[in-house]
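**Q** Next comes model.txt, compact mmCIF, N, CA and C atoms:
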```txt
# COMPACT_ATOMS: atom_id res chain seq x y z
N MET A 1 -190.44 -40.34 8.82
CA MET A 1 -189.03 -40.09 8.66
C MET A 1 -188.29 -40.86 9.75
N SER A 2 -187.13 -41.33 9.43
CA SER A 2 -186.34 -42.04 10.43
C SER A 2 -184.88 -41.68 10.31
N VAL A 3 -184.19 -41.81 11.43
CA VAL A 3 -182.74 -41.62 11.48
C VAL A 3 -182.17 -42.83 12.20
N SER A 4 -181.20 -43.49 11.57
CA SER A 4 -180.58 -44.67 12.15
C SER A 4 -179.10 -44.40 12.42
N VAL A 5 -178.62 -44.88 13.56
CA VAL A 5 -177.21 -44.74 13.91
C VAL A 5 -176.72 -46.04 14.52
N TYR A 6 -175.45 -46.33 14.28
CA TYR A 6 -174.83 -47.50 14.90
C TYR A 6 -174.11 -47.06 16.16
N SER A 7 -174.33 -47.78 17.26
CA SER A 7 -173.65 -47.51 18.52
C SER A 7 -172.58 -48.56 18.74
N PRO A 8 -171.29 -48.20 18.53
CA PRO A 8 -170.23 -49.19 18.76
C PRO A 8 -170.14 -49.61 20.23
N THR A 9 -170.49 -48.71 21.12
CA THR A 9 -170.45 -49.03 22.55
C THR A 9 -171.44 -50.13 22.89
N LEU A 10 -172.65 -50.04 22.33
CA LEU A 10 -173.68 -51.05 22.58
C LEU A 10 -173.66 -52.18 21.56
N ASN A 11 -172.89 -52.00 20.47
CA ASN A 11 -172.80 -52.98 19.38
C ASN A 11 -174.17 -53.29 18.78
N LEU A 12 -174.94 -52.22 18.52
CA LEU A 12 -176.24 -52.38 17.88
C LEU A 12 -176.65 -51.10 17.17
N TRP A 13 -177.62 -51.26 16.29
CA TRP A 13 -178.20 -50.13 15.59
C TRP A 13 -179.38 -49.59 16.40
N ARG A 14 -179.57 -48.27 16.35
CA ARG A 14 -180.73 -47.64 16.97
C ARG A 14 -181.38 -46.74 15.93
N GLN A 15 -182.69 -46.58 16.04
CA GLN A 15 -183.42 -45.76 15.08
C GLN A 15 -184.51 -44.97 15.81
N THR A 16 -184.68 -43.71 15.41
CA THR A 16 -185.81 -42.90 15.84
C THR A 16 -186.70 -42.72 14.64
N TRP A 17 -187.99 -42.92 14.84
CA TRP A 17 -188.96 -42.92 13.74
C TRP A 17 -190.12 -42.01 14.12
N VAL A 18 -190.50 -41.10 13.22
CA VAL A 18 -191.63 -40.20 13.45
C VAL A 18 -192.51 -40.17 12.20
N ASP A 19 -193.81 -39.83 12.40
CA ASP A 19 -194.68 -39.67 11.23
C ASP A 19 -195.65 -38.51 11.43
N GLU A 20 -196.41 -38.23 10.38
CA GLU A 20 -197.29 -37.06 10.37
C GLU A 20 -198.46 -37.17 11.35
N SER A 21 -198.71 -38.37 11.89
CA SER A 21 -199.80 -38.53 12.85
C SER A 21 -199.36 -38.27 14.29
N GLY A 22 -198.07 -37.94 14.47
CA GLY A 22 -197.55 -37.67 15.81
C GLY A 22 -196.87 -38.84 16.47
N SER A 23 -196.74 -39.97 15.76
CA SER A 23 -196.04 -41.12 16.33
C SER A 23 -194.56 -40.80 16.45
N TYR A 24 -193.97 -41.25 17.55
CA TYR A 24 -192.54 -41.04 17.82
C TYR A 24 -192.05 -42.30 18.52
N TRP A 25 -191.31 -43.13 17.79
CA TRP A 25 -190.89 -44.41 18.32
C TRP A 25 -189.38 -44.55 18.30
N HIS A 26 -188.89 -45.30 19.27
CA HIS A 26 -187.47 -45.66 19.36
C HIS A 26 -187.36 -47.15 19.04
N PHE A 27 -186.48 -47.48 18.11
CA PHE A 27 -186.26 -48.88 17.72
C PHE A 27 -184.83 -49.28 18.00
N VAL A 28 -184.63 -50.58 18.24
CA VAL A 28 -183.30 -51.15 18.45
C VAL A 28 -183.10 -52.25 17.41
N GLY A 29 -181.92 -52.28 16.82
CA GLY A 29 -181.62 -53.27 15.79
C GLY A 29 -181.33 -54.65 16.36
N SER A 30 -181.73 -55.67 15.62
CA SER A 30 -181.46 -57.05 15.99
C SER A 30 -181.62 -57.91 14.74
N LEU A 31 -181.53 -59.21 14.90
CA LEU A 31 -181.78 -60.15 13.81
C LEU A 31 -183.02 -60.97 14.13
N VAL A 32 -183.85 -61.20 13.11
CA VAL A 32 -185.03 -62.07 13.21
C VAL A 32 -184.85 -63.14 12.15
N ASP A 33 -184.59 -64.37 12.57
CA ASP A 33 -184.32 -65.46 11.61
C ASP A 33 -183.25 -65.05 10.60
N ASP A 34 -182.18 -64.44 11.09
CA ASP A 34 -181.02 -63.99 10.30
C ASP A 34 -181.31 -62.79 9.41
N ASP A 35 -182.49 -62.19 9.53
CA ASP A 35 -182.82 -60.98 8.77
C ASP A 35 -182.69 -59.75 9.67
N PRO A 36 -182.13 -58.65 9.14
CA PRO A 36 -182.03 -57.43 9.95
C PRO A 36 -183.41 -56.91 10.33
N SER A 37 -183.48 -56.35 11.55
CA SER A 37 -184.76 -55.90 12.08
C SER A 37 -184.54 -54.69 12.98
N PHE A 38 -185.56 -53.83 13.07
CA PHE A 38 -185.63 -52.78 14.08
C PHE A 38 -186.91 -53.01 14.86
N GLY A 39 -186.83 -53.09 16.20
CA GLY A 39 -188.01 -53.31 17.01
C GLY A 39 -188.06 -52.38 18.20
N THR A 40 -189.28 -52.08 18.66
CA THR A 40 -189.42 -51.24 19.85
C THR A 40 -189.06 -52.09 21.07
N PRO A 41 -188.23 -51.57 21.98
CA PRO A 41 -187.85 -52.35 23.15
C PRO A 41 -188.94 -52.40 24.23
N GLU A 42 -189.97 -51.57 24.06
CA GLU A 42 -191.10 -51.57 25.00
C GLU A 42 -192.39 -51.38 24.21
N PRO A 43 -193.54 -51.70 24.81
CA PRO A 43 -194.81 -51.48 24.12
C PRO A 43 -195.01 -49.99 23.84
N VAL A 44 -195.65 -49.69 22.70
CA VAL A 44 -195.85 -48.30 22.30
C VAL A 44 -197.31 -48.01 21.95
N ASP A 45 -197.61 -46.74 21.87
CA ASP A 45 -198.92 -46.23 21.47
C ASP A 45 -200.01 -46.61 22.46
N VAL A 46 -201.20 -46.17 22.15
CA VAL A 46 -202.35 -46.41 23.01
C VAL A 46 -202.64 -47.90 23.13
N ASP A 47 -202.29 -48.68 22.09
CA ASP A 47 -202.52 -50.12 22.09
C ASP A 47 -201.54 -50.87 22.99
N ARG A 48 -200.43 -50.22 23.36
CA ARG A 48 -199.38 -50.83 24.20
C ARG A 48 -198.92 -52.16 23.62
N ILE A 49 -198.48 -52.11 22.35
CA ILE A 49 -197.95 -53.29 21.68
C ILE A 49 -196.53 -53.03 21.21
N TYR A 50 -195.79 -54.10 21.00
CA TYR A 50 -194.45 -54.02 20.42
C TYR A 50 -194.60 -53.95 18.91
N LYS A 51 -193.68 -53.24 18.28
CA LYS A 51 -193.67 -53.14 16.82
C LYS A 51 -192.27 -53.46 16.31
N ARG A 52 -192.22 -54.02 15.11
CA ARG A 52 -190.90 -54.24 14.49
C ARG A 52 -191.02 -54.22 12.98
N MET A 53 -189.89 -53.87 12.37
CA MET A 53 -189.71 -53.89 10.92
C MET A 53 -188.65 -54.95 10.64
N VAL A 54 -188.94 -55.87 9.72
CA VAL A 54 -188.01 -56.92 9.36
C VAL A 54 -187.70 -56.79 7.87
N PHE A 55 -186.41 -56.81 7.53
CA PHE A 55 -185.96 -56.66 6.15
C PHE A 55 -185.44 -58.01 5.67
N SER A 56 -186.03 -58.53 4.57
CA SER A 56 -185.66 -59.87 4.10
C SER A 56 -185.52 -59.89 2.58
N ASN A 57 -185.06 -61.03 2.08
CA ASN A 57 -184.87 -61.21 0.63
C ASN A 57 -184.05 -60.07 0.04
N ILE A 58 -182.98 -59.71 0.72
CA ILE A 58 -182.16 -58.56 0.34
C ILE A 58 -181.19 -58.95 -0.78
N THR A 59 -181.27 -58.20 -1.88
CA THR A 59 -180.33 -58.33 -3.00
C THR A 59 -179.84 -56.94 -3.34
N PRO A 60 -178.88 -56.79 -4.24
CA PRO A 60 -178.46 -55.44 -4.63
C PRO A 60 -179.59 -54.61 -5.27
N GLU A 61 -180.63 -55.26 -5.78
CA GLU A 61 -181.70 -54.55 -6.48
C GLU A 61 -183.06 -54.56 -5.76
N THR A 62 -183.23 -55.42 -4.76
CA THR A 62 -184.55 -55.56 -4.13
C THR A 62 -184.43 -55.89 -2.64
N PHE A 63 -185.50 -55.68 -1.91
CA PHE A 63 -185.66 -56.22 -0.57
C PHE A 63 -187.13 -56.14 -0.18
N ASP A 64 -187.53 -56.96 0.78
CA ASP A 64 -188.88 -56.92 1.34
C ASP A 64 -188.82 -56.28 2.72
N TRP A 65 -189.80 -55.45 3.03
CA TRP A 65 -189.90 -54.77 4.31
C TRP A 65 -191.21 -55.19 4.94
N ARG A 66 -191.12 -55.93 6.06
CA ARG A 66 -192.29 -56.48 6.73
C ARG A 66 -192.53 -55.73 8.05
N TRP A 67 -193.75 -55.28 8.27
CA TRP A 67 -194.14 -54.59 9.50
C TRP A 67 -194.96 -55.56 10.34
N GLU A 68 -194.58 -55.74 11.62
CA GLU A 68 -195.24 -56.70 12.49
C GLU A 68 -195.53 -56.08 13.86
N SER A 69 -196.48 -56.68 14.58
CA SER A 69 -196.77 -56.24 15.94
C SER A 69 -196.99 -57.45 16.84
N SER A 70 -196.84 -57.21 18.16
CA SER A 70 -196.99 -58.30 19.13
C SER A 70 -197.36 -57.73 20.49
N PRO A 71 -198.23 -58.43 21.23
CA PRO A 71 -198.54 -57.97 22.58
C PRO A 71 -197.46 -58.37 23.59
N ASP A 72 -196.61 -59.37 23.21
CA ASP A 72 -195.68 -59.95 24.19
C ASP A 72 -194.29 -60.28 23.65
N GLN A 73 -193.99 -59.97 22.42
CA GLN A 73 -192.74 -60.29 21.73
C GLN A 73 -192.53 -61.80 21.55
N GLN A 74 -193.59 -62.58 21.73
CA GLN A 74 -193.50 -64.03 21.51
C GLN A 74 -194.17 -64.41 20.19
N GLU A 75 -195.39 -63.93 20.00
CA GLU A 75 -196.15 -64.19 18.78
C GLU A 75 -196.30 -62.89 18.01
N TRP A 76 -195.86 -62.89 16.74
CA TRP A 76 -195.88 -61.68 15.92
C TRP A 76 -196.94 -61.79 14.84
N THR A 77 -197.66 -60.70 14.61
CA THR A 77 -198.67 -60.63 13.56
C THR A 77 -198.16 -59.73 12.45
N LYS A 78 -198.13 -60.26 11.22
CA LYS A 78 -197.69 -59.46 10.08
C LYS A 78 -198.79 -58.47 9.72
N LYS A 79 -198.44 -57.19 9.65
CA LYS A 79 -199.39 -56.15 9.27
C LYS A 79 -199.36 -55.91 7.77
N TRP A 80 -198.17 -55.84 7.19
CA TRP A 80 -198.03 -55.71 5.75
C TRP A 80 -196.59 -55.98 5.35
N THR A 81 -196.40 -56.23 4.06
CA THR A 81 -195.07 -56.38 3.47
C THR A 81 -195.01 -55.50 2.23
N ILE A 82 -193.91 -54.78 2.09
CA ILE A 82 -193.69 -53.96 0.90
C ILE A 82 -192.46 -54.52 0.19
N ALA A 83 -192.59 -54.80 -1.11
CA ALA A 83 -191.46 -55.28 -1.91
C ALA A 83 -190.84 -54.08 -2.62
N TYR A 84 -189.62 -53.76 -2.24
CA TYR A 84 -188.90 -52.63 -2.83
C TYR A 84 -188.04 -53.11 -3.99
N VAL A 85 -188.03 -52.31 -5.07
CA VAL A 85 -187.20 -52.57 -6.25
C VAL A 85 -186.47 -51.30 -6.58
N ARG A 86 -185.17 -51.40 -6.79
CA ARG A 86 -184.37 -50.22 -7.14
C ARG A 86 -184.89 -49.59 -8.43
N ALA A 87 -185.07 -48.29 -8.41
CA ALA A 87 -185.53 -47.56 -9.61
C ALA A 87 -184.42 -47.57 -10.67
N ALA A 88 -184.84 -47.62 -11.92
CA ALA A 88 -183.87 -47.56 -13.01
C ALA A 88 -183.19 -46.20 -13.00
N ARG A 89 -181.91 -46.20 -13.27
CA ARG A 89 -181.17 -44.95 -13.33
C ARG A 89 -181.45 -44.24 -14.64
N PRO A 90 -181.72 -42.93 -14.59
CA PRO A 90 -182.00 -42.21 -15.83
C PRO A 90 -180.76 -42.18 -16.73
N GLY A 91 -181.05 -42.16 -18.02
CA GLY A 91 -179.95 -41.91 -18.94
C GLY A 91 -179.50 -43.04 -19.71
```
Output the file's structure as structure tokens, nothing else.
**A**
Amino acid sequence: MSVSVYSPTLNLWRQTWVDESGSYWHFVGSLVDDDPSFGTPEPVDVDRIYKRMVFSNITPETFDWRWESSPDQQEWTKKWTIAYVRAARPG
């Protein structure tokens, strides 16, 4: 589950993300190659790595969500990509 808020004072988006395994991460919004992204500002978890979510190929009906990690925020490794498609409206 995640909650995202825009901070006009900081002029950026922030997100808190939690899951059933006990992960609790803080993300900060930015752009990655002109695509919206949320990334951890510090290394997280036992692995002490940076994590980020990058949203690309955004249309009114679709977008791709890419999950990446990095030991140093210089070189990023793609973990997976999910292609989202808007569900058809009933009726």
**Q** If we count only N, CA and C atoms and set the cut-off at 6.5 Å, which residues sit around Val85 (chain A), ignoring sequence neighbours fewer than 5 positions away in its own chain? Please answer as JSON, numbers by chain.
**A** {"A": [61, 62, 63]}
**Q** Give me the residues near region 75-78 of chain A as a PyMOL selection string, where near means some atom within 10 Å (using only C-alpha atoms) and where sequence neighbours in that chain fewer than 6 positions away do not count.
**A** chain A and resi 50-53+66-69
**Q** Generate the output file for the selected residues, N, CA and C atoms, as a PDB file, keeping the file's coordinate frame.
**A**
```
ATOM      1  N   TYR A  50    -195.790 -54.100  21.000  1.00  0.00           N
ATOM      2  CA  TYR A  50    -194.450 -54.020  20.420  1.00  0.00           C
ATOM      3  C   TYR A  50    -194.600 -53.950  18.910  1.00  0.00           C
ATOM      4  N   LYS A  51    -193.680 -53.240  18.280  1.00  0.00           N
ATOM      5  CA  LYS A  51    -193.670 -53.140  16.820  1.00  0.00           C
ATOM      6  C   LYS A  51    -192.270 -53.460  16.310  1.00  0.00           C
ATOM      7  N   ARG A  52    -192.220 -54.020  15.110  1.00  0.00           N
ATOM      8  CA  ARG A  52    -190.900 -54.240  14.490  1.00  0.00           C
ATOM      9  C   ARG A  52    -191.020 -54.220  12.980  1.00  0.00           C
ATOM     10  N   MET A  53    -189.890 -53.870  12.370  1.00  0.00           N
ATOM     11  CA  MET A  53    -189.710 -53.890  10.920  1.00  0.00           C
ATOM     12  C   MET A  53    -188.650 -54.950  10.640  1.00  0.00           C
ATOM     13  N   ARG A  66    -191.120 -55.930   6.060  1.00  0.00           N
ATOM     14  CA  ARG A  66    -192.290 -56.480   6.730  1.00  0.00           C
ATOM     15  C   ARG A  66    -192.530 -55.730   8.050  1.00  0.00           C
ATOM     16  N   TRP A  67    -193.750 -55.280   8.270  1.00  0.00           N
ATOM     17  CA  TRP A  67    -194.140 -54.590   9.500  1.00  0.00           C
ATOM     18  C   TRP A  67    -194.960 -55.560  10.340  1.00  0.00           C
ATOM     19  N   GLU A  68    -194.580 -55.740  11.620  1.00  0.00           N
ATOM     20  CA  GLU A  68    -195.240 -56.700  12.490  1.00  0.00           C
ATOM     21  C   GLU A  68    -195.530 -56.080  13.860  1.00  0.00           C
ATOM     22  N   SER A  69    -196.480 -56.680  14.580  1.00  0.00           N
ATOM     23  CA  SER A  69    -196.770 -56.240  15.940  1.00  0.00           C
ATOM     24  C   SER A  69    -196.990 -57.450  16.840  1.00  0.00           C
TER      25      SER A  69
END
```
**Q** Calculated over only N, CA and C atoms, which of the candidates A:Ser56, A:Val46, A:Pro8, A:Ser21 has the smallest distance to Asp34 (chain A)?
**A**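 Comparing A:Ser56, A:Val46, A:Pro8, A:Ser21 against Asp34 (chain A), the winner is A:Ser56.
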**Q** Box for region 61-69 of chain A: with edges along x, y and z, all listed atoms inside and 8 Å added on each side, what are the centre and edge lengths in Å to one decimal, as JSON?
**A**
```
{"center_x": -188.8, "center_y": -56.0, "center_z": 5.2, "size_x": 32.4, "size_y": 18.9, "size_z": 39.3}
```
**Q** Let me make sure I understand: among A:Val18, A:Ile49, A:Leu12, A:Val32, which one has the smallest atom-to-atom distance to Gln73 (chain A) if we use only N, CA and C atoms?
**A**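 Smallest distance to Gln73 (chain A) is found for A:Ile49.
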**Q** Using CA of Val28 (chain A) and CA of Arg14 (chain A) as the two end points, give the distance in Å to one decimal.
**A**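 Distance between the two atoms: 4.6 Å.
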**Q** Hey, which of A:Arg48, A:Asp72, A:Asp64, A:Trp17 ends up closest to Tyr84 (chain A)? Count all atoms listed in the file.
**A**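 Of A:Arg48, A:Asp72, A:Asp64, A:Trp17, the one nearest Tyr84 (chain A) is A:Asp64, counting all atoms listed in the file.
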**Q** Taking only N, CA and C atoms into account, which of A:Gly22, A:Pro36, A:Pro90, A:Pro43 comes nearest Pro71 (chain A)?
**A** A:Pro43
**Q** Mind the document's chain letters and residue numbers, and return as a ChimeraX atom specification the residues of chain A that DSSP labels strand (DSSP E).
**A** /A:2-7,12-18,24-32,35-39,50-56,62-70,77-85
